[in-house]
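Chemist: Let me begin by handing over the structure; questions about it come next.
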Amino acid sequence: KPIYLATIFGLVLSGFAQMPIFKRYYIADIPGLGWLAQFYVTHFIHYLGAILFLGITAYLLVDYIVVQRNAIRLTTSGYLRAGLLAGLLITGIFLVIRNLSGVILPGGLIIFMDLAHLGLVMAFLFTAAFCLIFKKRWTTAR
């Protein structure tokens with residue numbers, strides 16, 4: 001669980017660094033944080049985090065389906081968060097495909113995918129904060 005939370009934190013930090021907010025608001029000028037203004041550094045970190053996130057998510061999904069399906073069940077907040085993460089994975093995969101050489105997508109689709117990805121991130125963060133504050137669990141015992 002701690003590696004999963006660290007991966008999500010790294011994805012959020014590097015994802016927001018893809019937008020030039022750290023340079024714009026002089027956060028990158030703080031000693032030691034200059035790397036946050038380097039697009040290719042944060043892009044690489046975001047992709048590495050996404051790979052780790054996909055691996056952990058696949059492991060947890062297979063573990064739930066194969067091992068724990070009869071012992072635990074997802075709660076309503078668990079289904080909501082899982083749906084938001086699934087949306088993030090789908091939009092993220094499309095954004096990676098967009099970055100491949102030779103792939104040309106319509107501009108409207110790219111804008112939609114960018115906004116959908118950002119909107120899903122914000123929805124997930126607010127949902128996660130709500131669930132943390134009100135102690136909503138992902139799963140419960142059967």
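Please note that chains go A, B, ... in the order of the structure tokens, that every chain numbers its residues from 1, and that ligands are numbered from 1 in the order shown.
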Residues at most 10 Å from A:Ala86, counting only C-alpha atoms, excluding those fewer than 6 positions away in the same chain, as a list of chain:residue names?

Modeler: A:Thr57, A:Leu80, A:Gly92, A:Leu120

Chemist: What lies within 12 Å of stretch 12-20 of chain A using only C-alpha atoms, ignoring chain neighbours under 5 positions off, as a PyMOL selection string?

Modeler: chain A and resi 5-7+25-28+33-50+53+88+92+114+117-118+120-122+124-125

Chemist: Grab the atom CA of A:Ile104 to atom CA of A:Leu89 distance for me, in Å with one decimal place.

Modeler: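 Separation between atom CA of A:Ile104 and atom CA of A:Leu89: 20.4 Å.
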
Chemist: In chain A, what's alpha helix (DSSP H) per DSSP? Answer as a PDB file with N, CA and C atoms, in the first residue's frame?

Modeler:
```pdb
ATOM      1  N   PRO A   2       1.941   1.355   0.782  1.00  0.00           N
ATOM      2  CA  PRO A   2       2.740   2.583   0.732  1.00  0.00           C
ATOM      3  C   PRO A   2       3.344   2.837  -0.651  1.00  0.00           C
ATOM      4  N   ILE A   3       3.754   1.789  -1.368  1.00  0.00           N
ATOM      5  CA  ILE A   3       4.330   1.991  -2.694  1.00  0.00           C
ATOM      6  C   ILE A   3       3.258   2.489  -3.660  1.00  0.00           C
ATOM      7  N   TYR A   4       2.029   2.033  -3.475  1.00  0.00           N
ATOM      8  CA  TYR A   4       0.917   2.477  -4.314  1.00  0.00           C
ATOM      9  C   TYR A   4       0.649   3.967  -4.080  1.00  0.00           C
ATOM     10  N   LEU A   5       0.626   4.388  -2.819  1.00  0.00           N
ATOM     11  CA  LEU A   5       0.405   5.798  -2.491  1.00  0.00           C
ATOM     12  C   LEU A   5       1.550   6.663  -2.991  1.00  0.00           C
ATOM     13  N   ALA A   6       2.779   6.175  -2.856  1.00  0.00           N
ATOM     14  CA  ALA A   6       3.936   6.926  -3.350  1.00  0.00           C
ATOM     15  C   ALA A   6       3.888   7.053  -4.869  1.00  0.00           C
ATOM     16  N   THR A   7       3.433   6.001  -5.546  1.00  0.00           N
ATOM     17  CA  THR A   7       3.316   6.047  -7.002  1.00  0.00           C
ATOM     18  C   THR A   7       2.271   7.073  -7.424  1.00  0.00           C
ATOM     19  N   ILE A   8       1.130   7.081  -6.749  1.00  0.00           N
ATOM     20  CA  ILE A   8       0.081   8.050  -7.070  1.00  0.00           C
ATOM     21  C   ILE A   8       0.573   9.466  -6.799  1.00  0.00           C
ATOM     22  N   PHE A   9       1.282   9.672  -5.684  1.00  0.00           N
ATOM     23  CA  PHE A   9       1.825  10.999  -5.383  1.00  0.00           C
ATOM     24  C   PHE A   9       2.804  11.440  -6.477  1.00  0.00           C
ATOM     25  N   GLY A  10       3.670  10.525  -6.894  1.00  0.00           N
ATOM     26  CA  GLY A  10       4.624  10.838  -7.954  1.00  0.00           C
ATOM     27  C   GLY A  10       3.939  11.162  -9.269  1.00  0.00           C
ATOM     28  N   LEU A  11       2.858  10.436  -9.576  1.00  0.00           N
ATOM     29  CA  LEU A  11       2.107  10.714 -10.799  1.00  0.00           C
ATOM     30  C   LEU A  11       1.427  12.076 -10.730  1.00  0.00           C
ATOM     31  N   VAL A  12       0.858  12.401  -9.582  1.00  0.00           N
ATOM     32  CA  VAL A  12       0.200  13.707  -9.427  1.00  0.00           C
ATOM     33  C   VAL A  12       1.233  14.826  -9.540  1.00  0.00           C
ATOM     34  N   LEU A  13       2.351  14.692  -8.845  1.00  0.00           N
ATOM     35  CA  LEU A  13       3.386  15.727  -8.880  1.00  0.00           C
ATOM     36  C   LEU A  13       3.944  15.903 -10.293  1.00  0.00           C
ATOM     37  N   SER A  14       4.305  14.806 -10.938  1.00  0.00           N
ATOM     38  CA  SER A  14       4.868  14.916 -12.281  1.00  0.00           C
ATOM     39  C   SER A  14       3.811  15.321 -13.302  1.00  0.00           C
ATOM     40  N   GLY A  15       2.557  14.937 -13.067  1.00  0.00           N
ATOM     41  CA  GLY A  15       1.484  15.340 -13.970  1.00  0.00           C
ATOM     42  C   GLY A  15       1.233  16.835 -13.911  1.00  0.00           C
ATOM     43  N   PHE A  16       1.192  17.381 -12.697  1.00  0.00           N
ATOM     44  CA  PHE A  16       1.020  18.825 -12.581  1.00  0.00           C
ATOM     45  C   PHE A  16       2.255  19.565 -13.083  1.00  0.00           C
ATOM     46  N   ALA A  17       3.415  18.922 -13.012  1.00  0.00           N
ATOM     47  CA  ALA A  17       4.625  19.552 -13.532  1.00  0.00           C
ATOM     48  C   ALA A  17       4.604  19.619 -15.059  1.00  0.00           C
ATOM     49  N   GLN A  18       3.788  18.761 -15.705  1.00  0.00           N
ATOM     50  CA  GLN A  18       3.655  18.834 -17.158  1.00  0.00           C
ATOM     51  C   GLN A  18       3.037  20.165 -17.574  1.00  0.00           C
ATOM     52  N   ILE A  21       3.048  25.064 -14.161  1.00  0.00           N
ATOM     53  CA  ILE A  21       2.672  25.822 -12.965  1.00  0.00           C
ATOM     54  C   ILE A  21       3.824  25.982 -11.985  1.00  0.00           C
ATOM     55  N   PHE A  22       4.743  25.050 -11.938  1.00  0.00           N
ATOM     56  CA  PHE A  22       5.836  25.157 -10.967  1.00  0.00           C
ATOM     57  C   PHE A  22       6.805  26.275 -11.346  1.00  0.00           C
ATOM     58  N   LYS A  23       7.011  26.467 -12.635  1.00  0.00           N
ATOM     59  CA  LYS A  23       7.855  27.564 -13.086  1.00  0.00           C
ATOM     60  C   LYS A  23       7.101  28.889 -12.991  1.00  0.00           C
ATOM     61  N   ARG A  24       5.851  28.865 -13.372  1.00  0.00           N
ATOM     62  CA  ARG A  24       5.039  30.078 -13.396  1.00  0.00           C
ATOM     63  C   ARG A  24       4.894  30.693 -12.006  1.00  0.00           C
ATOM     64  N   PHE A  39      10.548  19.927 -18.518  1.00  0.00           N
ATOM     65  CA  PHE A  39       9.454  19.142 -19.095  1.00  0.00           C
ATOM     66  C   PHE A  39       9.841  17.685 -19.321  1.00  0.00           C
ATOM     67  N   TYR A  40      10.982  17.436 -19.962  1.00  0.00           N
ATOM     68  CA  TYR A  40      11.336  16.059 -20.302  1.00  0.00           C
ATOM     69  C   TYR A  40      11.662  15.223 -19.071  1.00  0.00           C
ATOM     70  N   VAL A  41      12.160  15.843 -18.017  1.00  0.00           N
ATOM     71  CA  VAL A  41      12.421  15.116 -16.765  1.00  0.00           C
ATOM     72  C   VAL A  41      11.100  14.678 -16.146  1.00  0.00           C
ATOM     73  N   THR A  42      10.163  15.612 -16.026  1.00  0.00           N
ATOM     74  CA  THR A  42       8.877  15.267 -15.412  1.00  0.00           C
ATOM     75  C   THR A  42       8.067  14.335 -16.312  1.00  0.00           C
ATOM     76  N   HIS A  43       8.226  14.466 -17.614  1.00  0.00           N
ATOM     77  CA  HIS A  43       7.548  13.569 -18.557  1.00  0.00           C
ATOM     78  C   HIS A  43       8.048  12.133 -18.375  1.00  0.00           C
ATOM     79  N   PHE A  44       9.350  11.975 -18.274  1.00  0.00           N
ATOM     80  CA  PHE A  44       9.953  10.659 -18.059  1.00  0.00           C
ATOM     81  C   PHE A  44       9.508  10.075 -16.707  1.00  0.00           C
ATOM     82  N   ILE A  45       9.513  10.898 -15.670  1.00  0.00           N
ATOM     83  CA  ILE A  45       9.064  10.447 -14.345  1.00  0.00           C
ATOM     84  C   ILE A  45       7.600  10.032 -14.392  1.00  0.00           C
ATOM     85  N   HIS A  46       6.786  10.801 -15.120  1.00  0.00           N
ATOM     86  CA  HIS A  46       5.365  10.479 -15.228  1.00  0.00           C
ATOM     87  C   HIS A  46       5.165   9.133 -15.930  1.00  0.00           C
ATOM     88  N   TYR A  47       5.932   8.890 -16.991  1.00  0.00           N
ATOM     89  CA  TYR A  47       5.823   7.610 -17.696  1.00  0.00           C
ATOM     90  C   TYR A  47       6.306   6.450 -16.821  1.00  0.00           C
ATOM     91  N   LEU A  48       7.399   6.640 -16.103  1.00  0.00           N
ATOM     92  CA  LEU A  48       7.865   5.579 -15.188  1.00  0.00           C
ATOM     93  C   LEU A  48       6.832   5.306 -14.101  1.00  0.00           C
ATOM     94  N   GLY A  49       6.274   6.364 -13.551  1.00  0.00           N
ATOM     95  CA  GLY A  49       5.223   6.205 -12.539  1.00  0.00           C
ATOM     96  C   GLY A  49       4.008   5.497 -13.099  1.00  0.00           C
ATOM     97  N   ALA A  50       3.657   5.813 -14.342  1.00  0.00           N
ATOM     98  CA  ALA A  50       2.508   5.166 -14.973  1.00  0.00           C
ATOM     99  C   ALA A  50       2.760   3.671 -15.171  1.00  0.00           C
ATOM    100  N   ILE A  51       3.974   3.323 -15.550  1.00  0.00           N
ATOM    101  CA  ILE A  51       4.315   1.907 -15.715  1.00  0.00           C
ATOM    102  C   ILE A  51       4.199   1.178 -14.376  1.00  0.00           C
ATOM    103  N   LEU A  52       4.738   1.772 -13.331  1.00  0.00           N
ATOM    104  CA  LEU A  52       4.643   1.183 -11.994  1.00  0.00           C
ATOM    105  C   LEU A  52       3.190   1.097 -11.543  1.00  0.00           C
ATOM    106  N   PHE A  53       2.431   2.154 -11.797  1.00  0.00           N
ATOM    107  CA  PHE A  53       1.013   2.187 -11.437  1.00  0.00           C
ATOM    108  C   PHE A  53       0.230   1.089 -12.161  1.00  0.00           C
ATOM    109  N   LEU A  54       0.487   0.907 -13.452  1.00  0.00           N
ATOM    110  CA  LEU A  54      -0.180  -0.155 -14.203  1.00  0.00           C
ATOM    111  C   LEU A  54       0.164  -1.535 -13.647  1.00  0.00           C
ATOM    112  N   GLY A  55       1.433  -1.732 -13.302  1.00  0.00           N
ATOM    113  CA  GLY A  55       1.844  -3.019 -12.746  1.00  0.00           C
ATOM    114  C   GLY A  55       1.193  -3.311 -11.407  1.00  0.00           C
ATOM    115  N   ILE A  56       1.183  -2.330 -10.527  1.00  0.00           N
ATOM    116  CA  ILE A  56       0.572  -2.525  -9.206  1.00  0.00           C
ATOM    117  C   ILE A  56      -0.927  -2.734  -9.337  1.00  0.00           C
ATOM    118  N   THR A  57      -1.559  -1.953 -10.204  1.00  0.00           N
ATOM    119  CA  THR A  57      -3.002  -2.086 -10.411  1.00  0.00           C
ATOM    120  C   THR A  57      -3.337  -3.464 -10.969  1.00  0.00           C
ATOM    121  N   ALA A  58      -2.573  -3.936 -11.927  1.00  0.00           N
ATOM    122  CA  ALA A  58      -2.802  -5.271 -12.480  1.00  0.00           C
ATOM    123  C   ALA A  58      -2.647  -6.339 -11.397  1.00  0.00           C
ATOM    124  N   TYR A  59      -1.617  -6.206 -10.567  1.00  0.00           N
ATOM    125  CA  TYR A  59      -1.410  -7.162  -9.479  1.00  0.00           C
ATOM    126  C   TYR A  59      -2.600  -7.160  -8.519  1.00  0.00           C
ATOM    127  N   LEU A  60      -3.034  -5.970  -8.094  1.00  0.00           N
ATOM    128  CA  LEU A  60      -4.151  -5.882  -7.153  1.00  0.00           C
ATOM    129  C   LEU A  60      -5.442  -6.416  -7.756  1.00  0.00           C
ATOM    130  N   LEU A  61      -5.658  -6.155  -9.037  1.00  0.00           N
ATOM    131  CA  LEU A  61      -6.861  -6.636  -9.709  1.00  0.00           C
ATOM    132  C   LEU A  61      -6.866  -8.162  -9.802  1.00  0.00           C
ATOM    133  N   VAL A  62      -5.754  -8.730 -10.208  1.00  0.00           N
ATOM    134  CA  VAL A  62      -5.666 -10.198 -10.296  1.00  0.00           C
ATOM    135  C   VAL A  62      -5.779 -10.818  -8.908  1.00  0.00           C
ATOM    136  N   ASP A  63      -5.135 -10.229  -7.908  1.00  0.00           N
ATOM    137  CA  ASP A  63      -5.225 -10.731  -6.533  1.00  0.00           C
ATOM    138  C   ASP A  63      -6.664 -10.709  -6.044  1.00  0.00           C
ATOM    139  N   THR A  76     -19.131   0.943  -2.054  1.00  0.00           N
ATOM    140  CA  THR A  76     -19.558   1.929  -3.036  1.00  0.00           C
ATOM    141  C   THR A  76     -18.430   2.894  -3.356  1.00  0.00           C
ATOM    142  N   SER A  77     -17.716   3.336  -2.317  1.00  0.00           N
ATOM    143  CA  SER A  77     -16.588   4.245  -2.566  1.00  0.00           C
ATOM    144  C   SER A  77     -15.462   3.522  -3.304  1.00  0.00           C
ATOM    145  N   GLY A  78     -15.318   2.225  -3.086  1.00  0.00           N
ATOM    146  CA  GLY A  78     -14.331   1.440  -3.809  1.00  0.00           C
ATOM    147  C   GLY A  78     -14.658   1.358  -5.298  1.00  0.00           C
ATOM    148  N   TYR A  79     -15.938   1.139  -5.612  1.00  0.00           N
ATOM    149  CA  TYR A  79     -16.349   1.122  -7.017  1.00  0.00           C
ATOM    150  C   TYR A  79     -16.160   2.490  -7.662  1.00  0.00           C
ATOM    151  N   LEU A  80     -16.482   3.559  -6.936  1.00  0.00           N
ATOM    152  CA  LEU A  80     -16.311   4.905  -7.476  1.00  0.00           C
ATOM    153  C   LEU A  80     -14.845   5.192  -7.782  1.00  0.00           C
ATOM    154  N   ARG A  81     -13.971   4.897  -6.816  1.00  0.00           N
ATOM    155  CA  ARG A  81     -12.546   5.141  -7.026  1.00  0.00           C
ATOM    156  C   ARG A  81     -11.976   4.244  -8.119  1.00  0.00           C
ATOM    157  N   ALA A  82     -12.425   2.999  -8.169  1.00  0.00           N
ATOM    158  CA  ALA A  82     -11.962   2.089  -9.229  1.00  0.00           C
ATOM    159  C   ALA A  82     -12.399   2.600 -10.604  1.00  0.00           C
ATOM    160  N   GLY A  83     -13.614   3.116 -10.693  1.00  0.00           N
ATOM    161  CA  GLY A  83     -14.090   3.674 -11.958  1.00  0.00           C
ATOM    162  C   GLY A  83     -13.282   4.894 -12.387  1.00  0.00           C
ATOM    163  N   LEU A  84     -12.978   5.761 -11.419  1.00  0.00           N
ATOM    164  CA  LEU A  84     -12.166   6.931 -11.731  1.00  0.00           C
ATOM    165  C   LEU A  84     -10.766   6.525 -12.185  1.00  0.00           C
ATOM    166  N   LEU A  85     -10.178   5.543 -11.504  1.00  0.00           N
ATOM    167  CA  LEU A  85      -8.851   5.060 -11.913  1.00  0.00           C
ATOM    168  C   LEU A  85      -8.896   4.405 -13.289  1.00  0.00           C
ATOM    169  N   ALA A  86      -9.971   3.673 -13.579  1.00  0.00           N
ATOM    170  CA  ALA A  86     -10.099   3.064 -14.906  1.00  0.00           C
ATOM    171  C   ALA A  86     -10.170   4.151 -15.979  1.00  0.00           C
ATOM    172  N   GLY A  87     -10.922   5.207 -15.700  1.00  0.00           N
ATOM    173  CA  GLY A  87     -10.982   6.321 -16.643  1.00  0.00           C
ATOM    174  C   GLY A  87      -9.636   6.983 -16.835  1.00  0.00           C
ATOM    175  N   LEU A  88      -8.894   7.129 -15.739  1.00  0.00           N
ATOM    176  CA  LEU A  88      -7.549   7.703 -15.824  1.00  0.00           C
ATOM    177  C   LEU A  88      -6.627   6.814 -16.650  1.00  0.00           C
ATOM    178  N   LEU A  89      -6.715   5.516 -16.448  1.00  0.00           N
ATOM    179  CA  LEU A  89      -5.882   4.593 -17.223  1.00  0.00           C
ATOM    180  C   LEU A  89      -6.218   4.674 -18.710  1.00  0.00           C
ATOM    181  N   ILE A  90      -7.490   4.704 -19.034  1.00  0.00           N
ATOM    182  CA  ILE A  90      -7.896   4.746 -20.441  1.00  0.00           C
ATOM    183  C   ILE A  90      -7.450   6.047 -21.094  1.00  0.00           C
ATOM    184  N   THR A  91      -7.732   7.177 -20.443  1.00  0.00           N
ATOM    185  CA  THR A  91      -7.324   8.451 -21.040  1.00  0.00           C
ATOM    186  C   THR A  91      -5.805   8.570 -21.096  1.00  0.00           C
ATOM    187  N   GLY A  92      -5.121   8.046 -20.084  1.00  0.00           N
ATOM    188  CA  GLY A  92      -3.653   8.074 -20.088  1.00  0.00           C
ATOM    189  C   GLY A  92      -3.076   7.262 -21.225  1.00  0.00           C
ATOM    190  N   ILE A  93      -3.656   6.106 -21.485  1.00  0.00           N
ATOM    191  CA  ILE A  93      -3.183   5.271 -22.592  1.00  0.00           C
ATOM    192  C   ILE A  93      -3.381   5.990 -23.922  1.00  0.00           C
ATOM    193  N   PHE A  94      -4.534   6.644 -24.091  1.00  0.00           N
ATOM    194  CA  PHE A  94      -4.757   7.402 -25.325  1.00  0.00           C
ATOM    195  C   PHE A  94      -3.779   8.556 -25.463  1.00  0.00           C
ATOM    196  N   LEU A  95      -3.425   9.197 -24.350  1.00  0.00           N
ATOM    197  CA  LEU A  95      -2.455  10.298 -24.413  1.00  0.00           C
ATOM    198  C   LEU A  95      -1.060   9.784 -24.754  1.00  0.00           C
ATOM    199  N   VAL A  96      -0.726   8.587 -24.298  1.00  0.00           N
ATOM    200  CA  VAL A  96       0.562   7.986 -24.672  1.00  0.00           C
ATOM    201  C   VAL A  96       0.558   7.662 -26.167  1.00  0.00           C
ATOM    202  N   ILE A  97      -0.536   7.101 -26.659  1.00  0.00           N
ATOM    203  CA  ILE A  97      -0.642   6.784 -28.082  1.00  0.00           C
ATOM    204  C   ILE A  97      -0.497   8.054 -28.910  1.00  0.00           C
ATOM    205  N   ARG A  98      -1.090   9.143 -28.428  1.00  0.00           N
ATOM    206  CA  ARG A  98      -0.987  10.422 -29.137  1.00  0.00           C
ATOM    207  C   ARG A  98       0.472  10.852 -29.288  1.00  0.00           C
ATOM    208  N   ASN A  99       1.313  10.532 -28.318  1.00  0.00           N
ATOM    209  CA  ASN A  99       2.710  10.950 -28.347  1.00  0.00           C
ATOM    210  C   ASN A  99       3.602  10.073 -29.221  1.00  0.00           C
ATOM    211  N   GLY A 107      -7.484  17.267 -33.546  1.00  0.00           N
ATOM    212  CA  GLY A 107      -7.209  18.209 -32.459  1.00  0.00           C
ATOM    213  C   GLY A 107      -8.287  18.211 -31.395  1.00  0.00           C
ATOM    214  N   GLY A 108      -9.540  18.082 -31.807  1.00  0.00           N
ATOM    215  CA  GLY A 108     -10.638  18.065 -30.845  1.00  0.00           C
ATOM    216  C   GLY A 108     -10.553  16.862 -29.902  1.00  0.00           C
ATOM    217  N   LEU A 109     -10.162  15.716 -30.428  1.00  0.00           N
ATOM    218  CA  LEU A 109     -10.024  14.515 -29.607  1.00  0.00           C
ATOM    219  C   LEU A 109      -8.888  14.683 -28.601  1.00  0.00           C
ATOM    220  N   ILE A 110      -7.797  15.287 -29.039  1.00  0.00           N
ATOM    221  CA  ILE A 110      -6.660  15.500 -28.141  1.00  0.00           C
ATOM    222  C   ILE A 110      -7.048  16.433 -26.999  1.00  0.00           C
ATOM    223  N   ILE A 111      -7.741  17.506 -27.322  1.00  0.00           N
ATOM    224  CA  ILE A 111      -8.190  18.435 -26.272  1.00  0.00           C
ATOM    225  C   ILE A 111      -9.152  17.736 -25.330  1.00  0.00           C
ATOM    226  N   PHE A 112     -10.090  16.951 -25.884  1.00  0.00           N
ATOM    227  CA  PHE A 112     -11.027  16.210 -25.041  1.00  0.00           C
ATOM    228  C   PHE A 112     -10.288  15.259 -24.101  1.00  0.00           C
ATOM    229  N   MET A 113      -9.319  14.511 -24.632  1.00  0.00           N
ATOM    230  CA  MET A 113      -8.579  13.546 -23.808  1.00  0.00           C
ATOM    231  C   MET A 113      -7.771  14.263 -22.722  1.00  0.00           C
ATOM    232  N   ASP A 114      -7.147  15.391 -23.069  1.00  0.00           N
ATOM    233  CA  ASP A 114      -6.398  16.159 -22.063  1.00  0.00           C
ATOM    234  C   ASP A 114      -7.316  16.637 -20.945  1.00  0.00           C
ATOM    235  N   LEU A 115      -8.449  17.219 -21.321  1.00  0.00           N
ATOM    236  CA  LEU A 115      -9.382  17.731 -20.310  1.00  0.00           C
ATOM    237  C   LEU A 115     -10.024  16.601 -19.506  1.00  0.00           C
ATOM    238  N   ALA A 116     -10.333  15.493 -20.180  1.00  0.00           N
ATOM    239  CA  ALA A 116     -10.903  14.346 -19.472  1.00  0.00           C
ATOM    240  C   ALA A 116      -9.898  13.794 -18.463  1.00  0.00           C
ATOM    241  N   HIS A 117      -8.642  13.682 -18.863  1.00  0.00           N
ATOM    242  CA  HIS A 117      -7.601  13.170 -17.964  1.00  0.00           C
ATOM    243  C   HIS A 117      -7.444  14.100 -16.757  1.00  0.00           C
ATOM    244  N   LEU A 118      -7.362  15.395 -17.011  1.00  0.00           N
ATOM    245  CA  LEU A 118      -7.226  16.354 -15.917  1.00  0.00           C
ATOM    246  C   LEU A 118      -8.462  16.354 -15.020  1.00  0.00           C
ATOM    247  N   GLY A 119      -9.651  16.291 -15.631  1.00  0.00           N
ATOM    248  CA  GLY A 119     -10.881  16.246 -14.835  1.00  0.00           C
ATOM    249  C   GLY A 119     -10.971  14.997 -13.981  1.00  0.00           C
ATOM    250  N   LEU A 120     -10.582  13.860 -14.540  1.00  0.00           N
ATOM    251  CA  LEU A 120     -10.595  12.612 -13.776  1.00  0.00           C
ATOM    252  C   LEU A 120      -9.578  12.646 -12.645  1.00  0.00           C
ATOM    253  N   VAL A 121      -8.424  13.264 -12.873  1.00  0.00           N
ATOM    254  CA  VAL A 121      -7.424  13.404 -11.807  1.00  0.00           C
ATOM    255  C   VAL A 121      -8.012  14.213 -10.653  1.00  0.00           C
ATOM    256  N   MET A 122      -8.627  15.336 -10.989  1.00  0.00           N
ATOM    257  CA  MET A 122      -9.199  16.192  -9.946  1.00  0.00           C
ATOM    258  C   MET A 122     -10.325  15.462  -9.213  1.00  0.00           C
ATOM    259  N   ALA A 123     -11.191  14.768  -9.962  1.00  0.00           N
ATOM    260  CA  ALA A 123     -12.278  14.013  -9.332  1.00  0.00           C
ATOM    261  C   ALA A 123     -11.718  12.925  -8.419  1.00  0.00           C
ATOM    262  N   PHE A 124     -10.671  12.227  -8.875  1.00  0.00           N
ATOM    263  CA  PHE A 124     -10.074  11.191  -8.038  1.00  0.00           C
ATOM    264  C   PHE A 124      -9.449  11.778  -6.776  1.00  0.00           C
ATOM    265  N   LEU A 125      -8.741  12.888  -6.910  1.00  0.00           N
ATOM    266  CA  LEU A 125      -8.107  13.504  -5.740  1.00  0.00           C
ATOM    267  C   LEU A 125      -9.143  13.968  -4.724  1.00  0.00           C
ATOM    268  N   PHE A 126     -10.219  14.605  -5.195  1.00  0.00           N
ATOM    269  CA  PHE A 126     -11.271  15.034  -4.271  1.00  0.00           C
ATOM    270  C   PHE A 126     -11.978  13.841  -3.634  1.00  0.00           C
ATOM    271  N   THR A 127     -12.235  12.808  -4.415  1.00  0.00           N
ATOM    272  CA  THR A 127     -12.865  11.604  -3.878  1.00  0.00           C
ATOM    273  C   THR A 127     -11.965  10.924  -2.861  1.00  0.00           C
ATOM    274  N   ALA A 128     -10.674  10.828  -3.169  1.00  0.00           N
ATOM    275  CA  ALA A 128      -9.724  10.210  -2.235  1.00  0.00           C
ATOM    276  C   ALA A 128      -9.634  11.014  -0.944  1.00  0.00           C
ATOM    277  N   ALA A 129      -9.614  12.342  -1.048  1.00  0.00           N
ATOM    278  CA  ALA A 129      -9.569  13.182   0.150  1.00  0.00           C
ATOM    279  C   ALA A 129     -10.840  12.998   0.976  1.00  0.00           C
ATOM    280  N   PHE A 130     -12.006  12.970   0.322  1.00  0.00           N
ATOM    281  CA  PHE A 130     -13.271  12.758   1.018  1.00  0.00           C
ATOM    282  C   PHE A 130     -13.259  11.419   1.742  1.00  0.00           C
ATOM    283  N   CYS A 131     -12.829  10.375   1.037  1.00  0.00           N
ATOM    284  CA  CYS A 131     -12.803   9.033   1.634  1.00  0.00           C
ATOM    285  C   CYS A 131     -11.797   8.948   2.782  1.00  0.00           C
ATOM    286  N   LEU A 132     -10.704   9.676   2.682  1.00  0.00           N
ATOM    287  CA  LEU A 132      -9.723   9.688   3.761  1.00  0.00           C
ATOM    288  C   LEU A 132     -10.279  10.402   4.988  1.00  0.00           C
ATOM    289  N   ILE A 133     -10.905  11.539   4.779  1.00  0.00           N
ATOM    290  CA  ILE A 133     -11.460  12.320   5.896  1.00  0.00           C
ATOM    291  C   ILE A 133     -12.576  11.550   6.598  1.00  0.00           C
TER     292      ILE A 133
END
```

Chemist: Quick one, how far is atom CA of A:Lys135 from atom CA of A:Val67?

Modeler: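 Separation between atom CA of A:Lys135 and atom CA of A:Val67: 24.9 Å.
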
Chemist: How would you write, as an mmCIF file with N, CA and C atoms, in the first residue's frame, the set of residues in chain A that DSSP gives as strand (DSSP E)?

Modeler:
```cif
data_model
loop_
_atom_site.group_PDB
_atom_site.id
_atom_site.type_symbol
_atom_site.label_atom_id
_atom_site.label_comp_id
_atom_site.auth_asym_id
_atom_site.auth_seq_id
_atom_site.Cartn_x
_atom_site.Cartn_y
_atom_site.Cartn_z
ATOM 1 N N ILE A 72 -13.614 -10.670 0.409
ATOM 2 C CA ILE A 72 -13.916 -9.249 0.539
ATOM 3 C C ILE A 72 -14.755 -8.799 -0.644
ATOM 4 N N ARG A 73 -15.409 -7.651 -0.478
ATOM 5 C CA ARG A 73 -16.157 -7.059 -1.583
ATOM 6 C C ARG A 73 -15.870 -5.569 -1.618
ATOM 7 N N LEU A 74 -15.967 -4.991 -2.805
ATOM 8 C CA LEU A 74 -15.759 -3.560 -2.945
ATOM 9 C C LEU A 74 -16.945 -2.808 -2.357
ATOM 10 N N THR A 139 -12.707 -1.685 0.516
ATOM 11 C CA THR A 139 -13.321 -3.000 0.616
ATOM 12 C C THR A 139 -13.879 -3.223 2.013
ATOM 13 N N THR A 140 -14.707 -4.245 2.096
ATOM 14 C CA THR A 140 -15.239 -4.697 3.375
ATOM 15 C C THR A 140 -15.296 -6.219 3.356
ATOM 16 N N ALA A 141 -15.284 -6.820 4.523
ATOM 17 C CA ALA A 141 -15.339 -8.291 4.606
ATOM 18 C C ALA A 141 -16.723 -8.780 4.208
#
```

Chemist: Between A:Arg137, A:Arg142, A:Asp29, A:Lys1, which has the minimum distance to A:Asn70 (counting only C-alpha atoms)?

Modeler: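 Answer, going by the shortest atom-to-atom distance: A:Arg142.
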